$ cat upload_14.cif   # mmCIF, C-alpha atoms
data_target
#
loop_
_atom_site.group_PDB
_atom_site.id
_atom_site.type_symbol
_atom_site.label_atom_id
_atom_site.label_comp_id
_atom_site.auth_asym_id
_atom_site.auth_seq_id
_atom_site.Cartn_x
_atom_site.Cartn_y
_atom_site.Cartn_z
ATOM 1 C CA MET E 161 -1.321 7.198 -42.591
ATOM 2 C CA GLU E 162 1.277 8.486 -45.028
ATOM 3 C CA LEU E 163 4.844 8.297 -43.907
ATOM 4 C CA THR E 164 5.664 11.983 -43.872
ATOM 5 C CA ARG E 165 8.529 13.590 -42.041
ATOM 6 C CA ARG E 166 6.124 14.753 -39.315
ATOM 7 C CA ASN E 167 4.668 11.276 -38.806
ATOM 8 C CA ALA E 168 8.102 9.722 -38.723
ATOM 9 C CA ILE E 169 9.151 12.076 -35.938
ATOM 10 C CA ILE E 170 6.006 11.321 -33.925
ATOM 11 C CA MET E 171 6.518 7.580 -34.322
ATOM 12 C CA GLY E 172 10.159 7.874 -33.349
ATOM 13 C CA ALA E 173 9.286 9.830 -30.208
ATOM 14 C CA GLY E 174 6.627 7.251 -29.332
ATOM 15 C CA ALA E 175 9.069 4.376 -29.704
ATOM 16 C CA PHE E 176 11.597 6.175 -27.543
ATOM 17 C CA PHE E 177 8.972 6.768 -24.867
ATOM 18 C CA VAL E 178 7.884 3.130 -24.813
ATOM 19 C CA ALA E 179 11.452 1.825 -24.803
ATOM 20 C CA GLY E 180 12.475 4.336 -22.150
ATOM 21 C CA LEU E 181 9.885 3.231 -19.604
ATOM 22 C CA PRO E 182 11.134 -0.245 -18.654
ATOM 23 C CA LEU E 183 14.627 1.161 -18.255
ATOM 24 C CA ARG E 184 13.502 3.557 -15.564
ATOM 25 C CA VAL E 185 11.443 0.837 -13.934
ATOM 26 C CA SER E 186 14.227 -1.648 -13.408
ATOM 27 C CA ALA E 187 16.653 0.623 -11.538
ATOM 28 C CA ALA E 188 14.636 1.910 -8.557
ATOM 29 C CA GLY E 189 12.400 -1.156 -8.337
ATOM 30 C CA GLU E 190 15.289 -3.625 -8.313
ATOM 31 C CA GLU E 191 17.023 -1.581 -5.640
ATOM 32 C CA ALA E 192 13.954 -1.712 -3.398
ATOM 33 C CA ILE E 193 13.707 -5.473 -3.870
ATOM 34 C CA ALA E 194 17.386 -5.963 -3.095
ATOM 35 C CA ALA E 195 17.066 -3.870 0.061
ATOM 36 C CA PHE E 196 14.157 -6.018 1.236
ATOM 37 C CA THR E 197 15.571 -9.440 0.403
ATOM 38 C CA GLY E 198 19.233 -8.669 1.045
ATOM 39 C CA GLY E 199 20.065 -10.250 -2.297
ATOM 40 C CA ALA E 200 18.456 -13.601 -1.455
ATOM 41 C CA GLU E 201 16.844 -15.576 -4.241
ATOM 42 C CA ILE E 202 13.104 -15.090 -4.733
ATOM 43 C CA GLY E 203 11.005 -18.132 -5.519
ATOM 44 C CA THR E 204 7.412 -18.466 -6.560
ATOM 45 C CA GLY E 205 4.875 -20.189 -4.405
ATOM 46 C CA ASP E 206 2.423 -19.496 -1.693
ATOM 47 C CA ILE E 207 1.562 -15.836 -2.240
ATOM 48 C CA LYS E 208 -1.481 -14.264 -3.748
ATOM 49 C CA LEU E 209 -1.823 -10.731 -5.059
ATOM 50 C CA THR E 210 -5.293 -9.644 -6.117
ATOM 51 C CA ALA E 211 -5.485 -6.485 -8.208
ATOM 52 C CA PRO E 212 -7.929 -5.393 -10.894
ATOM 53 C CA GLU E 213 -6.979 -6.040 -14.518
ATOM 54 C CA ILE E 214 -8.115 -2.575 -15.535
ATOM 55 C CA ALA E 215 -8.232 0.378 -13.149
ATOM 56 C CA GLU E 216 -10.120 3.390 -14.429
ATOM 57 C CA ASN E 217 -8.634 5.711 -11.846
ATOM 58 C CA GLY E 218 -5.027 5.269 -10.822
ATOM 59 C CA ASN E 219 -5.604 7.268 -7.653
ATOM 60 C CA THR E 220 -7.325 4.439 -5.814
ATOM 61 C CA VAL E 221 -6.623 0.929 -6.970
ATOM 62 C CA PRO E 222 -7.825 -1.723 -4.504
ATOM 63 C CA ILE E 223 -5.355 -4.532 -3.890
ATOM 64 C CA GLU E 224 -5.210 -7.569 -1.609
ATOM 65 C CA VAL E 225 -2.201 -9.610 -0.605
ATOM 66 C CA SER E 226 -2.121 -12.873 1.279
ATOM 67 C CA SER E 227 0.525 -15.475 1.911
ATOM 68 C CA ASP E 228 0.312 -18.232 4.522
ATOM 69 C CA GLY E 229 3.380 -18.283 6.701
ATOM 70 C CA ALA E 230 4.569 -14.814 5.750
ATOM 71 C CA ALA E 231 6.223 -12.646 8.345
ATOM 72 C CA GLU E 232 6.286 -9.594 6.102
ATOM 73 C CA ILE E 233 4.833 -8.704 2.732
ATOM 74 C CA MET E 234 6.190 -5.850 0.644
ATOM 75 C CA VAL E 235 4.169 -4.367 -2.219
ATOM 76 C CA LEU E 236 5.858 -2.492 -5.069
ATOM 77 C CA ALA E 237 4.469 -0.563 -8.017
ATOM 78 C CA MET E 238 7.311 -0.969 -10.495
ATOM 79 C CA GLY E 239 6.264 1.889 -12.776
ATOM 80 C CA ASN E 240 5.718 4.601 -10.164
ATOM 81 C CA PRO E 241 8.223 7.447 -9.681
ATOM 82 C CA THR E 242 8.920 5.878 -6.280
ATOM 83 C CA PRO E 243 8.256 2.138 -6.502
ATOM 84 C CA GLY E 244 7.583 1.458 -2.814
ATOM 85 C CA VAL E 245 3.925 1.102 -1.789
ATOM 86 C CA ALA E 246 3.746 -0.522 1.634
ATOM 87 C CA THR E 247 5.293 -3.186 3.832
ATOM 88 C CA PHE E 248 2.988 -5.222 6.046
ATOM 89 C CA LYS E 249 4.540 -6.787 9.155
ATOM 90 C CA PHE E 250 2.304 -9.351 10.789
ATOM 91 C CA GLY E 251 2.337 -9.658 14.562
ATOM 92 C CA PRO E 252 1.545 -12.653 16.784
ATOM 93 C CA LEU E 253 -2.152 -11.760 16.893
ATOM 94 C CA ALA E 254 -2.701 -11.504 13.147
ATOM 95 C CA ALA E 255 -5.304 -14.173 12.408
ATOM 96 C CA SER E 256 -4.231 -14.536 8.803
ATOM 97 C CA ARG E 257 -1.473 -13.217 6.614
ATOM 98 C CA TYR E 258 -3.879 -11.098 4.671
ATOM 99 C CA ALA E 259 -4.250 -7.370 4.123
ATOM 100 C CA SER E 260 -6.177 -5.165 1.778
ATOM 101 C CA THR E 261 -5.631 -1.502 0.920
ATOM 102 C CA ARG E 262 -5.916 1.070 -1.853
ATOM 103 C CA ILE E 263 -2.914 2.311 -3.796
ATOM 104 C CA ARG E 264 -1.896 4.892 -6.394
ATOM 105 C CA LEU E 265 -0.554 3.856 -9.788
ATOM 106 C CA ALA E 266 1.059 6.339 -12.175
ATOM 107 C CA GLY E 267 0.161 4.311 -15.255
ATOM 108 C CA THR E 268 -0.185 0.827 -16.693
ATOM 109 C CA GLN E 269 2.401 -1.319 -14.944
ATOM 110 C CA ASP E 270 3.240 -4.423 -12.942
ATOM 111 C CA VAL E 271 2.392 -4.523 -9.251
ATOM 112 C CA VAL E 272 4.708 -6.865 -7.362
ATOM 113 C CA ALA E 273 4.245 -8.448 -3.935
ATOM 114 C CA ILE E 274 7.167 -10.141 -2.186
ATOM 115 C CA ALA E 275 6.648 -12.106 1.004
ATOM 116 C CA LYS E 276 9.327 -12.934 3.529
ATOM 117 C CA LEU E 277 8.314 -16.273 4.967
ATOM 118 C CA GLU E 278 8.951 -17.272 8.558
ATOM 119 C CA ASP E 279 11.737 -19.637 7.442
ATOM 120 C CA GLY E 280 13.572 -16.687 5.864
ATOM 121 C CA SER E 281 12.900 -17.486 2.220
ATOM 122 C CA PHE E 282 11.161 -15.144 -0.206
ATOM 123 C CA VAL E 283 8.294 -15.672 -2.623
ATOM 124 C CA GLN E 284 6.940 -13.292 -5.204
ATOM 125 C CA ALA E 285 3.753 -12.661 -7.177
ATOM 126 C CA SER E 286 2.977 -9.976 -9.687
ATOM 127 C CA SER E 287 -0.004 -8.669 -11.548
ATOM 128 C CA THR E 288 -0.326 -6.250 -14.453
ATOM 129 C CA VAL E 289 -2.799 -3.439 -13.999
ATOM 130 C CA LYS E 290 -3.971 -1.297 -16.920
ATOM 131 C CA VAL E 291 -4.534 2.255 -15.740
ATOM 132 C CA THR E 292 -6.724 4.629 -17.731
ATOM 133 C CA ILE E 293 -6.011 7.804 -15.720
ATOM 134 C CA GLY E 294 -2.722 7.954 -13.800
ATOM 135 C CA GLY E 295 -2.622 8.772 -10.123
ATOM 136 C CA CYS E 296 0.453 10.890 -9.564
ATOM 137 C CA GLY E 297 -0.806 14.313 -10.638
ATOM 138 C CA GLY E 298 1.719 16.613 -12.266
ATOM 139 C CA MET W 14 -1.072 20.227 8.969
ATOM 140 C CA ALA W 15 -3.221 17.728 10.745
ATOM 141 C CA SER W 16 -6.421 19.493 9.756
ATOM 142 C CA GLY W 17 -9.505 17.358 9.465
ATOM 143 C CA VAL W 18 -7.738 14.100 10.183
ATOM 144 C CA LYS W 19 -10.363 11.698 11.443
ATOM 145 C CA PRO W 20 -9.719 8.022 12.065
ATOM 146 C CA ARG W 21 -12.559 5.563 11.597
ATOM 147 C CA VAL W 22 -12.350 1.939 12.683
ATOM 148 C CA LYS W 23 -14.779 -0.925 12.365
ATOM 149 C CA VAL W 24 -14.395 -3.694 14.959
ATOM 150 C CA PRO W 25 -17.144 -6.116 16.033
ATOM 151 C CA LYS W 26 -18.479 -5.460 19.567
ATOM 152 C CA SER W 27 -17.996 -9.029 20.699
ATOM 153 C CA ALA W 28 -16.405 -12.279 19.568
ATOM 154 C CA ALA W 29 -15.819 -15.809 20.838
ATOM 155 C CA ALA W 30 -12.459 -16.349 22.551
ATOM 156 C CA GLY W 31 -9.841 -17.396 20.004
ATOM 157 C CA ASP W 32 -11.983 -16.223 17.110
ATOM 158 C CA SER W 33 -10.603 -14.300 14.184
ATOM 159 C CA ILE W 34 -12.309 -11.064 13.293
ATOM 160 C CA VAL W 35 -12.046 -8.668 10.365
ATOM 161 C CA ILE W 36 -10.955 -5.126 11.139
ATOM 162 C CA LYS W 37 -11.418 -2.234 8.719
ATOM 163 C CA THR W 38 -9.726 1.105 9.244
ATOM 164 C CA LEU W 39 -9.878 4.386 7.376
ATOM 165 C CA ILE W 40 -8.318 7.712 8.202
ATOM 166 C CA SER W 41 -9.060 10.928 6.354
ATOM 167 C CA HIS W 42 -5.740 12.352 5.198
ATOM 168 C CA LYS W 43 -4.742 13.933 1.906
ATOM 169 C CA MET W 44 -1.516 11.886 1.584
ATOM 170 C CA GLU W 45 0.322 14.500 -0.497
ATOM 171 C CA SER W 46 2.785 12.430 -2.509
ATOM 172 C CA GLY W 47 5.487 15.055 -3.105
ATOM 173 C CA GLN W 48 5.155 14.472 -6.854
ATOM 174 C CA ARG W 49 2.450 17.000 -7.635
ATOM 175 C CA LYS W 50 3.008 20.634 -8.586
ATOM 176 C CA ASP W 51 0.861 23.665 -7.808
ATOM 177 C CA SER W 52 -0.323 26.134 -10.436
ATOM 178 C CA ASP W 53 3.005 28.024 -10.289
ATOM 179 C CA GLY W 54 4.994 24.887 -11.006
ATOM 180 C CA ASN W 55 6.382 24.496 -7.495
ATOM 181 C CA VAL W 56 6.471 21.006 -6.066
ATOM 182 C CA ILE W 57 3.974 20.548 -3.249
ATOM 183 C CA PRO W 58 6.003 19.057 -0.367
ATOM 184 C CA ARG W 59 5.321 15.493 0.674
ATOM 185 C CA SER W 60 2.987 15.058 3.625
ATOM 186 C CA ILE W 61 1.811 11.539 4.284
ATOM 187 C CA ILE W 62 1.120 9.114 7.076
ATOM 188 C CA ASN W 63 4.153 6.857 7.011
ATOM 189 C CA ARG W 64 3.252 4.167 9.512
ATOM 190 C CA PHE W 65 0.143 2.447 10.834
ATOM 191 C CA THR W 66 0.038 -0.051 13.679
ATOM 192 C CA CYS W 67 -2.656 -2.093 15.364
ATOM 193 C CA GLU W 68 -2.170 -3.651 18.797
ATOM 194 C CA PHE W 69 -4.410 -5.744 21.014
ATOM 195 C CA ASN W 70 -3.675 -5.525 24.761
ATOM 196 C CA GLY W 71 -0.135 -4.461 23.893
ATOM 197 C CA GLU W 72 0.577 -7.270 21.432
ATOM 198 C CA SER W 73 1.114 -6.462 17.771
ATOM 199 C CA VAL W 74 -1.459 -7.409 15.163
ATOM 200 C CA ILE W 75 -0.083 -5.571 12.149
ATOM 201 C CA ASP W 76 2.518 -2.914 11.466
ATOM 202 C CA VAL W 77 2.392 -1.228 8.072
ATOM 203 C CA ALA W 78 5.145 0.958 6.616
ATOM 204 C CA MET W 79 3.504 3.287 4.138
ATOM 205 C CA GLU W 80 4.952 5.088 1.099
ATOM 206 C CA PRO W 81 3.493 7.913 -1.008
ATOM 207 C CA ALA W 82 1.818 5.335 -3.275
ATOM 208 C CA ILE W 83 -0.893 4.721 -0.676
ATOM 209 C CA SER W 84 -4.089 6.473 -1.738
ATOM 210 C CA THR W 85 -5.694 9.506 -0.149
ATOM 211 C CA ASN W 86 -7.628 8.522 2.991
ATOM 212 C CA PRO W 87 -5.598 5.343 3.681
ATOM 213 C CA TYR W 88 -7.750 2.276 4.093
ATOM 214 C CA PHE W 89 -6.662 -1.058 5.559
ATOM 215 C CA GLU W 90 -8.476 -4.304 6.073
ATOM 216 C CA PHE W 91 -6.958 -7.231 7.962
ATOM 217 C CA GLU W 92 -7.801 -10.047 10.362
ATOM 218 C CA ALA W 93 -6.973 -10.381 14.043
ATOM 219 C CA THR W 94 -7.230 -13.124 16.641
ATOM 220 C CA VAL W 95 -9.066 -12.282 19.854
ATOM 221 C CA PRO W 96 -7.728 -14.425 22.719
ATOM 222 C CA GLU W 97 -9.547 -12.519 25.466
ATOM 223 C CA ALA W 98 -11.593 -9.424 26.115
ATOM 224 C CA GLY W 99 -9.577 -6.269 25.715
ATOM 225 C CA GLU W 100 -8.835 -3.253 23.660
ATOM 226 C CA PHE W 101 -7.579 -2.730 20.143
ATOM 227 C CA LYS W 102 -5.332 0.268 19.791
ATOM 228 C CA PHE W 103 -4.763 1.841 16.399
ATOM 229 C CA THR W 104 -1.998 4.358 15.783
ATOM 230 C CA TRP W 105 -1.150 6.398 12.699
ATOM 231 C CA TYR W 106 2.168 8.274 12.439
ATOM 232 C CA ASP W 107 2.250 11.423 10.318
ATOM 233 C CA ASP W 108 5.323 12.816 8.495
ATOM 234 C CA ASP W 109 5.005 16.010 10.532
ATOM 235 C CA GLY W 110 5.327 14.107 13.801
ATOM 236 C CA SER W 111 1.641 14.022 14.673
ATOM 237 C CA VAL W 112 0.269 10.770 16.009
ATOM 238 C CA TYR W 113 -3.393 9.887 15.603
ATOM 239 C CA GLU W 114 -4.860 7.300 17.927
ATOM 240 C CA GLU W 115 -8.083 5.380 18.156
ATOM 241 C CA SER W 116 -9.109 2.483 20.353
ATOM 242 C CA LYS W 117 -11.960 0.004 20.368
ATOM 243 C CA SER W 118 -12.783 -2.491 23.069
ATOM 244 C CA ILE W 119 -14.154 -5.922 22.377
ATOM 245 C CA ALA W 120 -16.033 -8.259 24.700
ATOM 246 C CA ILE W 121 -16.076 -12.038 24.772
ATOM 247 C CA GLY W 122 -19.485 -13.614 24.341
#
$ encode --input "upload_14.cif" --output "C-alpha cells"
Amino acid sequence: MELTRRNAIIMGAGAFFVAGLPLRVSAAGEEAIAAFTGGAEIGTGDIKLTAPEIAENGNTVPIEVSSDGAAEIMVLAMGNPTPGVATFKFGPLAASRYASTRIRLAGTQDVVAIAKLEDGSFVQASSTVKVTIGGCGG
Amino acid sequence: MASGVKPRVKVPKSAAAGDSIVIKTLISHKMESGQRKDSDGNVIPRSIINRFTCEFNGESVIDVAMEPAISTNPYFEFEATVPEAGEFKFTWYDDDGSVYEESKSIAIG
C-alpha cells in the first residue's frame, strides 16, 4: 500500500479508534468495580470464569463463573457501553457457588468476574473474548 | 409490555435429602438494552428483567441482579441443595413492574 494522503488519514483514524477504546473502558468499568468492592484490594485466587475464546455472535455469549466460598460474584464486560452484566448473590441453599448464563458483548474485550468471599476479601478473574459480530445493535 | 413472556424451569422431580441438584431456567423476554435505535434514529427505551430470584421453602438459593448485558431470553443454570421435600419458587422482576412467577415442587425419594 502506497502512503498517500488518503491512506495516511485512514491509518490515523484507525489508530485514534484503537487508542480511544481502552480510555472509555477504564472509566465506567473501574467505577463499577469500586462500587462493588468499596475500594478494597482485589487479589487473585479461587475464582474461575469460563468464557469462549472466540464468540461468533456477541448477542449470546455463554459464560460460567464459580468460586468456592463466594458470597457474591459480579460479572463485568469492560468494553460494553454499560459495563455491568450481572451480580449473583448466593443464598444458604445454593449447593455450589456456580452459575451459568448468556451475555451480550459489544465487541472484542475482557470479561471480568469479581467474587466477594465470605471473609470479606475480593478475588478476580478475567478472560478475553474475541467477538466477530457485536451484540449491542445500533 | 409483558407480551409473550413465558418462564420455563427444569427441576428434577425427586432427589435424595441433602442432595444437590442442577436447576435450569429460561424466560422468553426481549431484554431491550436501551442502546438500540429504530429506523428513524430514535433510541428504543430500555425494557429488561432486572432481577431474578430462586427460593426453596422460603429460603434463598440465588438472587441475581441483571443489567442490559444479559442476552435476550435470559437463561440461568445453578445448583441447589434439597434438605426436604418442598417447592422451588422462581421470580423474575421486570423494569415495568411486572413480576413473573413459576414454581416447581420436588419430592424426596
$ atom_distance --input "upload_14.cif" --atom1 "atom CA of Ile34 of chain W" --atom2 "atom CA of Ser226 of chain E"
15.9 Å
$ resolve_selection --input "upload_14.cif" --expression "the PyMOL selection byres ((chain W and resi 114) around 7)" --output "VMD selection string"
chain W and resid 103 to 105 112 to 113 115 to 116
$ write_last_selection --input "upload_14.cif" --atoms "C-alpha atoms" --output "short mmCIF file (atom, residue, chain, number, x, y, z; two decimals), in the frame of the given file"
data_model
loop_
_atom_site.label_atom_id
_atom_site.label_comp_id
_atom_site.auth_asym_id
_atom_site.auth_seq_id
_atom_site.Cartn_x
_atom_site.Cartn_y
_atom_site.Cartn_z
CA PHE W 103 -4.76 1.84 16.40
CA THR W 104 -2.00 4.36 15.78
CA TRP W 105 -1.15 6.40 12.70
CA VAL W 112 0.27 10.77 16.01
CA TYR W 113 -3.39 9.89 15.60
CA GLU W 115 -8.08 5.38 18.16
CA SER W 116 -9.11 2.48 20.35
#
$ residues_around --input "upload_14.cif" --residues "Ile61 of chain W" --least-positions-apart "4" --cutoff "9 Å" --atoms "only C-alpha atoms" --output "short mmCIF file (atom, residue, chain, number, x, y, z; two decimals) with C-alpha atoms, in the coordinates of the input"
data_model
loop_
_atom_site.label_atom_id
_atom_site.label_comp_id
_atom_site.auth_asym_id
_atom_site.auth_seq_id
_atom_site.Cartn_x
_atom_site.Cartn_y
_atom_site.Cartn_z
CA HIS W 42 -5.74 12.35 5.20
CA LYS W 43 -4.74 13.93 1.91
CA MET W 44 -1.52 11.89 1.58
CA GLU W 45 0.32 14.50 -0.50
CA SER W 46 2.78 12.43 -2.51
CA GLY W 47 5.49 15.06 -3.10
CA MET W 79 3.50 3.29 4.14
CA GLU W 80 4.95 5.09 1.10
CA PRO W 81 3.49 7.91 -1.01
CA ILE W 83 -0.89 4.72 -0.68
CA THR W 85 -5.69 9.51 -0.15
CA TYR W 106 2.17 8.27 12.44
CA ASP W 107 2.25 11.42 10.32
CA ASP W 108 5.32 12.82 8.49
CA ASP W 109 5.00 16.01 10.53
#
$ axis_aligned_box --input "upload_14.cif" --around "segment 25-37 of chain W" --padding-each-side "6 Å" --output "JSON"
{"center_x": -14.2, "center_y": -9.8, "center_z": 15.6, "size_x": 20.6, "size_y": 27.2, "size_z": 25.8}
$ resolve_selection --input "upload_14.cif" --expression "the PyMOL selection byres ((chain W) within 10 of (chain E))" --output "ChimeraX atom specification"
/W:31-39,45-52,54,56,63-69,72-96
$ closest_residue --input "upload_14.cif" --among "E:Gly189, E:Gly205, E:Gly294, E:Pro212" --to "Leu277 of chain E" --atoms "all atoms listed in the file"
E:Gly205
$ resolve_selection --input "upload_14.cif" --expression "the PyMOL selection byres ((chain E and resi 211) around 10)" --output "compact mmCIF listing (two decimals) with C-alpha atoms, in the coordinates of the input"
# COMPACT_ATOMS: atom_id res chain seq x y z
CA LYS E 208 -1.48 -14.26 -3.75
CA LEU E 209 -1.82 -10.73 -5.06
CA THR E 210 -5.29 -9.64 -6.12
CA PRO E 212 -7.93 -5.39 -10.89
CA GLU E 213 -6.98 -6.04 -14.52
CA ILE E 214 -8.12 -2.58 -15.54
CA ALA E 215 -8.23 0.38 -13.15
CA VAL E 221 -6.62 0.93 -6.97
CA PRO E 222 -7.82 -1.72 -4.50
CA ILE E 223 -5.36 -4.53 -3.89
CA GLU E 224 -5.21 -7.57 -1.61
CA VAL E 225 -2.20 -9.61 -0.60
CA ARG E 262 -5.92 1.07 -1.85
CA VAL E 271 2.39 -4.52 -9.25
CA SER E 286 2.98 -9.98 -9.69
CA SER E 287 0.00 -8.67 -11.55
CA THR E 288 -0.33 -6.25 -14.45
CA VAL E 289 -2.80 -3.44 -14.00
$ atom_distance --input "upload_14.cif" --atom1 "atom CA of Ala188 of chain E" --atom2 "atom CA of Met238 of chain E"
8.1 Å
$ atom_distance --input "upload_14.cif" --atom1 "atom CA of Asp206 of chain E" --atom2 "atom CA of Asp228 of chain E"
6.7 Å
